[in-house]
file structure.txt (compact mmCIF, C-alpha atoms)
# COMPACT_ATOMS: atom_id res chain seq x y z
CA MET A 1 2.26 -29.78 20.38
CA GLY A 2 1.77 -26.01 20.10
CA LEU A 3 5.25 -25.38 21.55
CA ILE A 4 6.81 -27.84 19.09
CA ARG A 5 5.09 -26.13 16.17
CA GLN A 6 6.27 -22.73 17.38
CA GLU A 7 9.85 -23.92 17.68
CA THR A 8 9.67 -25.51 14.21
CA ARG A 9 8.31 -22.25 12.80
CA ASN A 10 11.16 -20.32 14.39
CA VAL A 11 13.76 -22.68 12.88
CA MET A 12 12.11 -22.43 9.44
CA THR A 13 12.00 -18.63 9.69
CA LEU A 14 15.70 -18.51 10.55
CA TYR A 15 16.47 -20.85 7.63
CA TYR A 16 14.73 -18.61 5.12
CA LEU A 17 16.17 -15.47 6.67
CA LEU A 18 19.66 -16.82 6.01
CA LYS A 19 18.75 -17.25 2.32
CA LEU A 20 17.40 -13.73 1.79
CA ASP A 21 19.33 -10.56 1.04
CA LYS A 22 19.81 -8.63 4.27
CA ARG A 23 21.36 -5.65 2.52
CA ILE A 24 20.03 -3.89 -0.56
CA PRO A 25 22.03 -5.28 -3.51
CA THR A 26 23.66 -2.79 -5.86
CA ASP A 27 24.52 -4.91 -8.91
CA PRO A 28 21.64 -4.43 -11.45
CA GLU A 29 22.51 -7.55 -13.43
CA ARG A 30 22.55 -9.71 -10.31
CA ILE A 31 19.26 -8.24 -9.10
CA ARG A 32 17.41 -8.96 -12.34
CA ALA A 33 19.04 -12.34 -13.00
CA LYS A 34 18.00 -13.67 -9.60
CA GLN A 35 14.44 -12.42 -10.01
CA ASN A 36 14.19 -13.85 -13.52
CA ARG A 37 15.16 -17.33 -12.29
CA LEU A 38 12.58 -17.17 -9.53
CA ILE A 39 9.81 -15.94 -11.84
CA TYR A 40 10.27 -18.90 -14.21
CA LYS A 41 10.48 -21.34 -11.29
CA ASN A 42 7.35 -19.81 -9.73
CA MET A 43 5.31 -20.00 -12.94
CA LYS A 44 6.49 -23.53 -13.68
CA ARG A 45 5.27 -24.74 -10.30
CA ALA A 46 1.97 -22.86 -10.61
CA TYR A 47 1.38 -24.51 -13.99
CA LYS A 48 2.19 -28.02 -12.81
CA LYS A 49 0.86 -28.05 -9.26
CA ILE A 50 -1.99 -25.56 -8.90
CA PRO A 51 -5.24 -26.18 -10.85
CA PHE A 52 -6.47 -22.61 -10.26
CA TYR A 53 -3.50 -21.23 -12.19
CA ARG A 54 -3.24 -24.13 -14.66
CA LYS A 55 -6.70 -23.16 -15.90
CA ARG A 56 -5.52 -19.59 -16.45
CA PHE A 57 -2.50 -20.77 -18.40
CA ASP A 58 -4.61 -23.03 -20.60
CA GLU A 59 -7.31 -20.45 -21.31
CA LEU A 60 -4.71 -18.16 -22.91
CA GLY A 61 -2.53 -20.88 -24.42
CA LEU A 62 0.44 -19.92 -22.22
CA LYS A 63 3.29 -22.06 -20.88
CA PRO A 64 5.83 -21.46 -18.10
CA GLU A 65 8.47 -20.83 -20.77
CA ASP A 66 6.59 -17.64 -21.69
CA PHE A 67 7.61 -16.06 -18.37
CA ARG A 68 11.28 -15.18 -18.02
CA CYS A 69 11.18 -11.70 -16.44
CA ALA A 70 8.91 -9.36 -14.50
CA GLU A 71 7.59 -7.69 -17.64
CA ASP A 72 6.46 -11.08 -19.03
CA LEU A 73 4.04 -11.42 -16.11
CA ASN A 74 1.84 -8.82 -17.78
CA LYS A 75 0.75 -11.56 -20.23
CA PHE A 76 -0.97 -13.35 -17.34
CA PRO A 77 -4.50 -12.49 -16.09
CA LEU A 78 -4.86 -10.16 -13.13
CA LEU A 79 -5.79 -11.62 -9.76
CA THR A 80 -8.54 -9.62 -8.03
CA ARG A 81 -9.62 -9.79 -4.40
CA LYS A 82 -12.77 -11.55 -5.55
CA ASP A 83 -10.69 -14.15 -7.42
CA LEU A 84 -8.48 -14.69 -4.38
CA ARG A 85 -11.42 -14.99 -2.00
CA GLU A 86 -13.18 -17.58 -4.17
CA TRP A 87 -10.00 -19.59 -4.78
CA MET A 88 -9.22 -19.75 -1.06
CA GLN A 89 -12.74 -20.94 -0.26
CA ASP A 90 -12.53 -23.58 -2.99
CA GLU A 91 -9.28 -24.86 -1.46
CA LEU A 92 -10.84 -25.11 1.98
CA ASP A 93 -13.92 -26.88 0.64
CA ALA A 94 -11.90 -29.33 -1.47
CA HIS A 95 -9.24 -30.20 1.12
CA PRO A 96 -10.73 -30.19 4.64
CA ASP A 97 -8.18 -32.86 5.62
CA LYS A 98 -5.28 -30.53 4.80
CA ALA A 99 -6.80 -27.39 6.34
CA LYS A 100 -5.45 -28.21 9.81
CA ASN A 101 -1.93 -27.74 8.48
CA TRP A 102 -2.69 -24.40 6.80
CA ILE A 103 -2.67 -20.96 8.38
CA LEU A 104 -5.70 -18.78 7.67
CA HIS A 105 -5.02 -15.03 7.68
CA SER A 106 -7.30 -12.11 6.94
CA THR A 107 -6.83 -8.63 5.54
CA SER A 108 -7.81 -5.62 7.64
CA GLY A 109 -10.72 -4.89 5.31
CA SER A 110 -9.62 -1.37 4.43
CA SER A 111 -10.83 -1.95 0.88
CA GLY A 112 -14.35 -2.63 2.15
CA ILE A 113 -14.28 -6.38 1.59
CA PRO A 114 -12.05 -8.37 3.98
CA VAL A 115 -10.18 -11.22 2.30
CA LYS A 116 -9.24 -14.42 4.08
CA PHE A 117 -6.20 -16.10 2.57
CA LEU A 118 -4.23 -19.26 3.21
CA MET A 119 -0.55 -19.91 3.84
CA SER A 120 1.34 -23.13 4.32
CA ARG A 121 3.65 -23.23 7.32
CA ARG A 122 6.63 -22.93 4.99
CA GLU A 123 5.11 -19.82 3.40
CA GLU A 124 4.42 -18.25 6.77
CA ALA A 125 8.07 -18.79 7.73
CA CYS A 126 9.15 -17.04 4.50
CA TYR A 127 6.62 -14.27 5.16
CA ASN A 128 8.04 -13.67 8.63
CA ALA A 129 11.65 -13.93 7.42
CA ASN A 130 10.92 -11.31 4.76
CA TRP A 131 9.65 -8.86 7.39
CA ILE A 132 12.69 -9.43 9.61
CA ARG A 133 15.06 -8.74 6.72
CA VAL A 134 13.12 -5.55 5.87
CA LEU A 135 13.93 -4.32 9.38
CA MET A 136 17.55 -5.39 8.96
CA MET A 137 17.83 -3.48 5.68
CA ALA A 138 16.77 -0.38 7.61
CA GLY A 139 19.50 -0.90 10.19
CA TYR A 140 17.66 -2.79 12.95
CA GLU A 141 19.41 -5.77 14.55
CA PRO A 142 16.58 -8.15 15.53
CA PHE A 143 18.76 -10.56 17.47
CA THR A 144 20.14 -7.93 19.84
CA GLY A 145 17.69 -5.02 19.64
CA LYS A 146 14.33 -4.35 21.29
CA MET A 147 11.08 -3.71 19.42
CA LEU A 148 7.89 -2.04 20.59
CA THR A 149 5.04 -2.87 18.25
CA PHE A 150 1.26 -3.00 17.97
CA LEU A 151 -1.13 -5.95 18.18
CA THR A 152 -1.88 -6.79 14.53
CA THR A 153 -5.24 -7.64 12.99
CA HIS A 154 -4.60 -11.37 12.86
CA SER A 155 -2.11 -11.68 15.70
CA LYS A 156 -2.61 -14.57 18.11
CA VAL A 157 -0.12 -13.13 20.60
CA ASP A 158 -1.38 -12.31 24.08
CA PRO A 159 0.18 -8.92 25.00
CA LYS A 160 -0.32 -9.69 28.71
CA LYS A 161 2.11 -12.60 28.62
CA GLY A 162 5.71 -12.02 29.62
CA ASP A 163 8.84 -12.61 27.60
CA SER A 164 9.53 -16.05 26.17
CA TRP A 165 12.66 -17.96 27.22
CA VAL A 166 14.32 -16.79 24.00
CA GLN A 167 13.58 -13.15 24.79
CA LYS A 168 14.81 -13.57 28.35
CA LEU A 169 18.17 -14.47 26.82
CA GLY A 170 18.18 -11.08 25.10
CA ILE A 171 17.24 -12.42 21.64
CA LEU A 172 14.31 -11.12 19.52
CA ARG A 173 13.03 -8.96 22.37
CA ARG A 174 9.62 -7.52 21.63
CA LYS A 175 6.84 -5.82 23.59
CA ILE A 176 3.36 -5.75 22.05
CA VAL A 177 0.66 -3.22 22.91
CA PRO A 178 -2.96 -2.81 21.72
CA GLU A 179 -2.87 0.68 20.22
CA HIS A 180 -6.57 1.41 20.56
CA LEU A 181 -6.29 1.52 24.36
CA TYR A 182 -4.13 4.63 24.16
CA VAL A 183 -6.50 7.47 23.33
CA GLY A 184 -6.99 10.95 24.76
CA GLU A 185 -4.95 11.38 27.93
CA GLY A 186 -3.89 7.76 27.59
CA MET A 187 -1.37 9.01 25.05
CA ARG A 188 0.78 10.15 27.96
CA ASP A 189 0.91 6.54 29.19
CA LEU A 190 2.05 5.36 25.75
CA ILE A 191 4.79 7.99 25.60
CA GLU A 192 5.97 7.05 29.08
CA LEU A 193 5.99 3.39 28.02
CA VAL A 194 8.20 4.22 25.04
CA ASN A 195 10.54 6.28 27.21
CA GLU A 196 10.78 3.50 29.78
CA TYR A 197 11.23 0.59 27.33
CA LYS A 198 13.60 2.56 25.02
CA PRO A 199 12.98 0.43 21.93
CA ASP A 200 15.56 0.23 19.14
CA MET A 201 12.64 -0.34 16.74
CA LEU A 202 9.24 1.37 17.07
CA CYS A 203 6.48 -0.05 14.86
CA PHE A 204 3.06 1.66 15.21
CA ARG A 205 0.39 2.84 12.83
CA LYS A 206 1.06 6.28 11.41
CA ASN A 207 -1.88 7.95 13.11
CA VAL A 208 -0.69 6.71 16.53
CA LEU A 209 2.81 8.11 15.97
CA VAL A 210 1.27 11.42 14.85
CA ARG A 211 -0.94 11.63 17.92
CA MET A 212 2.05 10.83 20.13
CA ALA A 213 4.05 13.60 18.44
CA LEU A 214 1.25 16.15 18.80
CA TYR A 215 0.61 15.22 22.43
CA ALA A 216 4.31 15.52 23.21
CA LYS A 217 4.41 18.93 21.54
CA ASN A 218 1.34 20.20 23.36
CA HIS A 219 2.56 18.95 26.74
CA ASP A 220 6.26 19.74 26.34
CA MET A 221 7.28 16.09 26.54
CA LYS A 222 10.29 14.39 24.99
CA ILE A 223 10.00 10.98 23.31
CA HIS A 224 12.80 8.44 23.08
CA GLN A 225 14.17 8.36 19.53
CA PRO A 226 14.62 4.76 18.34
CA LYS A 227 17.32 3.60 15.94
CA VAL A 228 14.55 2.87 13.41
CA TYR A 229 10.78 3.47 13.41
CA ASN A 230 8.10 2.33 11.01
CA PRO A 231 4.70 4.04 10.57
CA VAL A 232 2.56 1.25 9.12
CA SER A 233 -0.86 0.81 7.45
CA GLU A 234 -1.22 4.43 6.36
CA LYS A 235 0.57 6.59 3.80
CA VAL A 236 3.00 9.19 5.16
CA ASP A 237 2.58 12.61 3.51
CA GLU A 238 5.19 15.34 3.57
CA ILE A 239 3.61 17.31 6.42
CA THR A 240 3.36 14.17 8.53
CA LEU A 241 6.94 13.22 7.66
CA LYS A 242 8.17 16.57 8.96
CA LEU A 243 6.31 16.12 12.24
CA LEU A 244 7.56 12.57 12.71
CA THR A 245 11.21 13.35 11.99
CA GLU A 246 11.10 16.31 14.38
CA THR A 247 9.79 14.00 17.12
CA PHE A 248 11.27 10.56 16.47
CA GLY A 249 14.36 11.44 14.44
CA PRO A 250 15.43 10.88 10.82
CA ASN A 251 15.63 7.06 10.80
CA ILE A 252 12.20 6.32 9.39
CA LEU A 253 11.49 3.06 7.56
CA ASP A 254 8.67 3.16 5.04
CA ALA A 255 7.67 -0.40 4.07
CA TYR A 256 5.02 -0.86 1.39
CA GLY A 257 2.91 -3.97 0.84
CA CYS A 258 -0.28 -5.70 1.97
CA ASN A 259 -1.22 -8.60 4.21
CA GLU A 260 -1.67 -10.92 1.24
CA THR A 261 1.82 -10.38 -0.19
CA GLY A 262 3.98 -9.15 2.67
CA SER A 263 6.30 -6.16 2.40
CA CYS A 264 7.42 -5.64 -1.19
CA GLY A 265 8.67 -2.04 -1.24
CA ILE A 266 11.34 -0.79 1.16
CA LYS A 267 12.37 2.84 1.62
CA VAL A 268 15.21 2.80 4.12
CA PRO A 269 16.37 5.87 6.07
CA GLY A 270 18.09 8.31 3.74
CA SER A 271 16.64 6.86 0.52
CA ASP A 272 14.24 8.71 -1.79
CA VAL A 273 12.89 5.54 -3.51
CA TYR A 274 11.48 2.17 -2.53
CA TYR A 275 13.62 -0.86 -3.30
CA ILE A 276 11.69 -3.92 -4.51
CA PRO A 277 13.15 -7.10 -2.92
CA ARG A 278 13.45 -9.21 -6.04
CA ASP A 279 14.27 -12.42 -4.19
CA THR A 280 10.67 -12.46 -2.90
CA HIS A 281 8.57 -10.20 -5.17
CA ALA A 282 7.99 -8.79 -8.63
CA ILE A 283 6.01 -5.59 -9.25
CA ASN A 284 4.63 -4.15 -12.48
CA LEU A 285 2.67 -0.96 -13.04
CA ILE A 286 -0.08 -0.96 -15.65
CA ASP A 287 -2.35 1.74 -17.10
CA ASP A 288 -6.15 1.55 -17.42
CA GLU A 289 -5.76 -0.43 -20.66
CA GLY A 290 -3.54 -3.03 -18.99
CA ARG A 291 -0.32 -1.88 -20.62
CA LEU A 292 3.00 -1.65 -18.78
CA THR A 293 3.77 1.89 -17.66
CA ASP A 294 5.90 3.91 -15.24
CA ASN A 295 2.81 5.49 -13.68
CA GLY A 296 -0.16 3.25 -12.97
CA HIS A 297 -1.84 0.50 -10.98
CA VAL A 298 0.35 -1.63 -8.70
CA ILE A 299 0.38 -5.33 -9.66
CA ILE A 300 2.26 -7.64 -7.27
CA THR A 301 3.56 -11.19 -7.69
CA THR A 302 5.04 -13.17 -4.79
CA LEU A 303 8.07 -15.33 -5.56
CA TYR A 304 8.36 -17.07 -2.18
CA LYS A 305 4.84 -18.55 -2.01
CA ARG A 306 4.90 -21.95 -3.72
CA ASP A 307 1.74 -23.48 -2.24
CA PHE A 308 -0.65 -20.51 -2.55
CA PRO A 309 1.23 -18.12 -4.85
CA ILE A 310 -0.07 -14.62 -5.53
CA ILE A 311 0.40 -13.89 -9.26
CA ASN A 312 -0.45 -10.48 -10.77
CA TYR A 313 -2.42 -9.26 -7.76
CA ASP A 314 -4.21 -5.93 -8.22
CA VAL A 315 -3.94 -4.31 -4.77
CA GLY A 316 -5.88 -1.16 -5.70
CA ASP A 317 -3.02 1.32 -5.28
CA THR A 318 -1.24 3.42 -7.88
CA ALA A 319 2.46 4.28 -7.99
CA THR A 320 5.28 5.60 -10.15
CA PHE A 321 8.54 3.94 -11.16
CA GLU A 322 11.99 5.42 -11.51
CA ASN A 323 14.57 3.41 -13.45
CA ARG A 324 18.14 3.45 -12.12
CA GLY A 325 20.78 1.42 -13.89
CA GLY A 326 18.21 -0.78 -15.59
CA VAL A 327 16.32 -1.53 -12.34
CA ASN A 328 12.91 -0.09 -11.46
CA TYR A 329 12.42 1.48 -8.04
CA ILE A 330 9.11 2.80 -6.71
CA LYS A 331 9.28 6.58 -6.58
CA THR A 332 5.84 7.48 -5.23
CA ILE A 333 2.89 5.52 -3.85
CA ILE A 334 -0.71 6.67 -3.73
CA GLY A 335 -2.35 4.60 -1.03
CA ARG A 336 -5.85 4.50 0.36
CA THR A 337 -7.25 7.16 2.65
CA ASN A 338 -7.75 6.28 6.31
CA ASP A 339 -10.07 8.62 8.14
CA MET A 340 -10.31 9.26 11.87
CA VAL A 341 -13.13 8.64 14.35
CA LYS A 342 -14.13 11.80 16.25
CA HIS A 343 -15.12 11.70 19.90
CA LYS A 344 -17.10 14.06 22.15
CA ASP A 345 -14.03 14.89 24.24
CA GLY A 346 -12.28 16.22 21.15
CA THR A 347 -9.94 13.27 20.64
CA LEU A 348 -9.43 11.40 17.39
CA THR A 349 -8.78 7.68 16.94
CA SER A 350 -7.97 5.53 13.95
CA ALA A 351 -10.78 3.62 12.26
CA THR A 352 -8.47 0.61 12.01
CA GLU A 353 -10.09 -1.13 14.96
CA LEU A 354 -13.47 -0.85 13.23
CA TYR A 355 -12.02 -2.60 10.17
CA LYS A 356 -11.24 -5.66 12.29
CA ILE A 357 -14.82 -6.26 13.43
CA PRO A 358 -16.15 -7.93 10.24
CA ASN A 359 -13.29 -10.44 10.41
CA GLY A 360 -14.84 -11.98 13.53
CA ILE A 361 -18.12 -13.11 11.99
CA THR A 362 -19.17 -14.71 8.72
CA GLY A 363 -21.89 -13.28 6.51
CA VAL A 364 -20.54 -9.78 5.79
CA ALA A 365 -19.72 -9.34 2.11
CA GLN A 366 -19.03 -5.60 2.30
CA PHE A 367 -19.14 -2.82 4.87
CA ARG A 368 -18.70 0.88 5.44
CA TYR A 369 -18.93 3.13 8.49
CA VAL A 370 -20.17 6.72 8.14
CA GLN A 371 -19.92 8.99 11.18
CA ARG A 372 -22.70 11.50 10.46
CA THR A 373 -22.61 13.37 13.78
CA ILE A 374 -20.53 13.30 16.93
CA ASP A 375 -23.12 10.84 18.32
CA ASP A 376 -24.18 8.77 15.30
CA ILE A 377 -22.51 6.19 13.10
CA ASP A 378 -24.22 4.60 10.10
CA ILE A 379 -23.12 1.05 9.33
CA LEU A 380 -23.67 0.08 5.71
CA LEU A 381 -23.64 -3.68 5.24
CA VAL A 382 -24.01 -6.17 2.41
CA HIS A 383 -25.06 -9.67 3.43
CA ASP A 384 -23.23 -12.60 1.88
CA PRO A 385 -25.91 -14.45 -0.13
CA LYS A 386 -24.14 -17.78 0.51
CA GLU A 387 -24.15 -17.33 4.27
CA LYS A 388 -26.37 -19.79 6.10
CA LYS A 389 -25.07 -19.51 9.66
CA ASN A 390 -25.54 -15.87 10.69
CA SER A 391 -28.63 -13.79 9.98
CA LYS A 392 -28.63 -10.01 9.56
CA GLU A 393 -29.89 -9.75 13.13
CA ASP A 394 -26.97 -11.88 14.37
CA ILE A 395 -24.50 -9.66 12.53
CA GLU A 396 -26.02 -6.44 13.87
CA LYS A 397 -25.87 -7.80 17.41
CA TYR A 398 -22.21 -8.77 16.96
CA PHE A 399 -21.24 -5.35 15.54
CA THR A 400 -23.04 -3.55 18.35
CA GLU A 401 -21.30 -5.59 21.05
CA LYS A 402 -17.86 -5.10 19.53
CA ILE A 403 -18.27 -1.35 18.92
CA ASN A 404 -19.55 -0.81 22.45
CA GLU A 405 -16.58 -2.80 23.79
CA LEU A 406 -14.26 -0.64 21.71
CA TYR A 407 -15.63 2.80 22.63
CA GLY A 408 -17.37 2.15 25.94
CA PHE A 409 -20.24 3.99 27.60
CA ARG A 410 -20.88 7.54 28.80
CA ASP A 411 -23.43 8.13 31.54
CA GLY A 412 -24.68 4.59 31.08
CA LYS A 413 -25.23 4.96 27.33
CA PRO A 414 -23.05 3.81 24.42
CA GLU A 415 -20.85 6.58 23.04
CA TYR A 416 -22.37 6.14 19.59
CA GLN A 417 -25.88 5.44 18.36
CA LEU A 418 -25.55 2.83 15.60
CA HIS A 419 -27.82 2.83 12.55
CA TYR A 420 -27.70 -0.25 10.32
CA LYS A 421 -28.43 -0.01 6.61
CA TRP A 422 -28.46 -3.19 4.56
CA MET A 423 -27.68 -2.72 0.90
CA ASP A 424 -27.18 -4.73 -2.26
CA GLU A 425 -23.83 -3.00 -2.76
CA VAL A 426 -21.87 -0.32 -0.95
CA PRO A 427 -21.25 2.35 -3.60
CA PRO A 428 -17.73 3.65 -4.26
CA ASP A 429 -16.70 7.25 -3.58
CA VAL A 430 -17.04 9.82 -6.33
CA ASN A 431 -13.35 9.37 -7.13
CA GLY A 432 -13.80 5.62 -7.53
CA LYS A 433 -12.04 4.65 -4.31
CA MET A 434 -13.63 2.49 -1.62
CA ARG A 435 -13.26 4.17 1.75
CA CYS A 436 -14.49 2.05 4.61
CA PHE A 437 -14.78 4.89 7.06
CA ILE A 438 -16.10 8.35 6.26
CA CYS A 439 -16.35 11.10 8.85
CA GLU A 440 -18.86 13.84 8.05
CA VAL A 441 -18.45 15.64 11.39
CA LYS A 442 -17.24 19.19 10.79
CA GLU A 443 -14.51 20.78 12.87
call {"tool": "encode", "arguments": {"input": "structure.txt", "output": "C-alpha cells"}}
result
Amino acid sequence: MGLIRQETRNVMTLYYLLKLDKRIPTDPERIRAKQNRLIYKNMKRAYKKIPFYRKRFDELGLKPEDFRCAEDLNKFPLLTRKDLREWMQDELDAHPDKAKNWILHSTSGSSGIPVKFLMSRREEACYNANWIRVLMMAGYEPFTGKMLTFLTTHSKVDPKKGDSWVQKLGILRRKIVPEHLYVGEGMRDLIELVNEYKPDMLCFRKNVLVRMALYAKNHDMKIHQPKVYNPVSEKVDEITLKLLTETFGPNILDAYGCNETGSCGIKVPGSDVYYIPRDTHAINLIDDEGRLTDNGHVIITTLYKRDFPIINYDVGDTATFENRGGVNYIKTIIGRTNDMVKHKDGTLTSATELYKIPNGITGVAQFRYVQRTIDDIDILLVHDPKEKKNSKEDIEKYFTEKINELYGFRDGKPEYQLHYKWMDEVPPDVNGKMRCFICEVKE
C-alpha cells in the first residue's frame, strides 16, 4: 500500500509540474492576469467549502467577488501562527476519519513556537512540484541531474537506503545526508563526499556551506562546483555571499518561503531580485498599521492549496518591493537570525537540530535555548495548558535524551549541562524578534 501511495504521489507531482511555469515569465499582463484568476478562484472555494474562512468572510461582510487581485487580499484578516495552529487542531478533532488521508507537517520552530499543519495528498504533490520547478528556473534539470541535499525537519526518508528503481534508471537522482553529523574534522568527510558524488545541485543550510568553505580554505582543499547550489533556512548576507561564490561558484539559487507555504520568492543566478511565482502564490507587504507598502511585513497567500489554503499569512519577516513593468519583485528580505552552538573544541554548529526536538513530543507551547557558557545551556520552556499526556518531567527527560544523542559525551559526561526553566511566556528580544537560540559565550 505504501508503494502504491508513493507511486500515486509521484504521478500527481509530475502532473502539477507540467502545469506550472518552468521559466520565469516576462509578460507583465500575463503574469498578473493569471494570478488574478487564481486569487478569485481560491477565495471563492474558501468561502464555499471552508468554515474557518467562511466565518472570516461573514464577520467583515465580504464576498469572493471582492477579491480580484493581490492587493484586494489586504481586505481580508491576517492569519497568524496561533490562528493556523488552532484551525489545524480543530480540523483533526472534527474529522478523525479523514485524518488518515491527510499529511501532517511541522515547522522547524525557528519562531519559538512550532506549528503543525495539514496538507491533502493533492496539495503535497503541488508543494513538491513547486519546489522542483524552482530548481528548474535556476537551471537545474531534475530528470537528468544529481542532487546532494540534507535530511529535512519532517523528512521520512531513510538516508541509509540505496537508490530507488527510478533513480537507478538515472532519473531524479538524489543523495540525502544528515548535516549535523558533519562537524569539526567531519567537515573533511562532507567535502570529500561532495567531490566524489559531483552533484549538479547542492542543497544545504547556509551555515553548513559556510563551514565547508572555511574548512576548504584553511586546509587548502578544492570543492566541486555544482551547476546550481541553494543555501537554505538562513539569510545570505553580502559577506557570506562573497565567500560562497568564491568556493562554490556564481550559480547560487536563493529561494525564499516557509514550510507552511512552500517557496514563494525565487532569486535565480544572475538576478538581483526575487521573482514571485504567481501561479502558486501572492505576496503583499504591509506597514505596522496594516496598509499596503513597498517596505514592510511579508504577508503570503497560497494559490495552489484548495483544501487547507493559507490566506494572508504573517510569516514574521520584513521585505522591500521593487516594481518593474507593473509587477512587484522582492528586492530585499530581512529574515530571522540563526545563531550557532559553540563547542569546547572550538567548532560551531547550527542550532537547527535543536529546533527539531520540540516537534517530537507534545506539551511544549514555546521554547528557547540560551548557551550561557561553553558548558551550560538554559532551556526555557512553556507548558501547553491543554496537554494531558506529557508532564513537565516527561518533557525534560525527552529533551535531555535528544540533546545528549545530538552532542554526545566527553569523558563519560554529557557535553552540556542542561538547566530547565519553566515560564508562563518566553519573552521576545529587545528588538521584538523571537530568537530560539541565543549564544552568550564570548569569543
call {"tool": "axis_aligned_box", "arguments": {"input": "structure.txt", "around": "region 208-213 of chain A", "padding_each_side": "6 Å", "output": "AutoDock Vina command-line options"}}
result
--center_x 1.6 --center_y 10.2 --center_z 17.5 --size_x 17.0 --size_y 18.9 --size_z 17.3
call {"tool": "residues_near_point", "arguments": {"input": "structure.txt", "point": "(12.1, -20.3, -0.8)", "cutoff": "9 Å", "atoms": "only C-alpha atoms", "output": "PyMOL selection string"}}
result
chain A and resi 16+19-20+122-123+126+279-280+303-306
call {"tool": "residues_around", "arguments": {"input": "structure.txt", "residues": "region 316-324 of chain A", "least_positions_apart": "5", "cutoff": "10 Å", "atoms": "all atoms listed in the file", "output": "ChimeraX atom specification"}}
result
/A:28,80-81,111,273-274,284-287,293-299,329-336,433-434
call {"tool": "residues_around", "arguments": {"input": "structure.txt", "residues": "region 43-45 of chain A", "least_positions_apart": "6", "cutoff": "10 Å", "atoms": "all atoms listed in the file", "output": "number ranges by chain"}}
result
A: 53-54, 57, 63-68, 73, 303, 306-307, 309, 311
call {"tool": "write_last_selection", "arguments": {"input": "structure.txt", "atoms": "C-alpha atoms", "output": "compact mmCIF listing (two decimals), keeping the file's coordinate frame"}}
result
# COMPACT_ATOMS: atom_id res chain seq x y z
CA TYR A 53 -3.50 -21.23 -12.19
CA ARG A 54 -3.24 -24.13 -14.66
CA PHE A 57 -2.50 -20.77 -18.40
CA LYS A 63 3.29 -22.06 -20.88
CA PRO A 64 5.83 -21.46 -18.10
CA GLU A 65 8.47 -20.83 -20.77
CA ASP A 66 6.59 -17.64 -21.69
CA PHE A 67 7.61 -16.06 -18.37
CA ARG A 68 11.28 -15.18 -18.02
CA LEU A 73 4.04 -11.42 -16.11
CA LEU A 303 8.07 -15.33 -5.56
CA ARG A 306 4.90 -21.95 -3.72
CA ASP A 307 1.74 -23.48 -2.24
CA PRO A 309 1.23 -18.12 -4.85
CA ILE A 311 0.40 -13.89 -9.26
call {"tool": "atom_distance", "arguments": {"input": "structure.txt", "atom1": "CA of Asp72 (chain A)", "atom2": "CA of Tyr313 (chain A)"}}
result
14.5 Å
call {"tool": "closest_residue", "arguments": {"input": "structure.txt", "among": "A:Val232, A:Ala125, A:Leu348, A:Leu354", "to": "Leu214 (chain A)", "atoms": "only C-alpha atoms"}}
result
A:Leu348
call {"tool": "closest_residue", "arguments": {"input": "structure.txt", "among": "A:Arg37, A:Arg205, A:Lys98, A:Arg368", "to": "Ala255 (chain A)", "atoms": "only C-alpha atoms"}}
result
A:Arg205
call {"tool": "atom_distance", "arguments": {"input": "structure.txt", "atom1": "CA of Phe409 (chain A)", "atom2": "CA of Glu396 (chain A)"}}
result
18.2 Å
call {"tool": "atom_distance", "arguments": {"input": "structure.txt", "atom1": "CA of Lys356 (chain A)", "atom2": "CA of Thr107 (chain A)"}}
result
8.6 Å
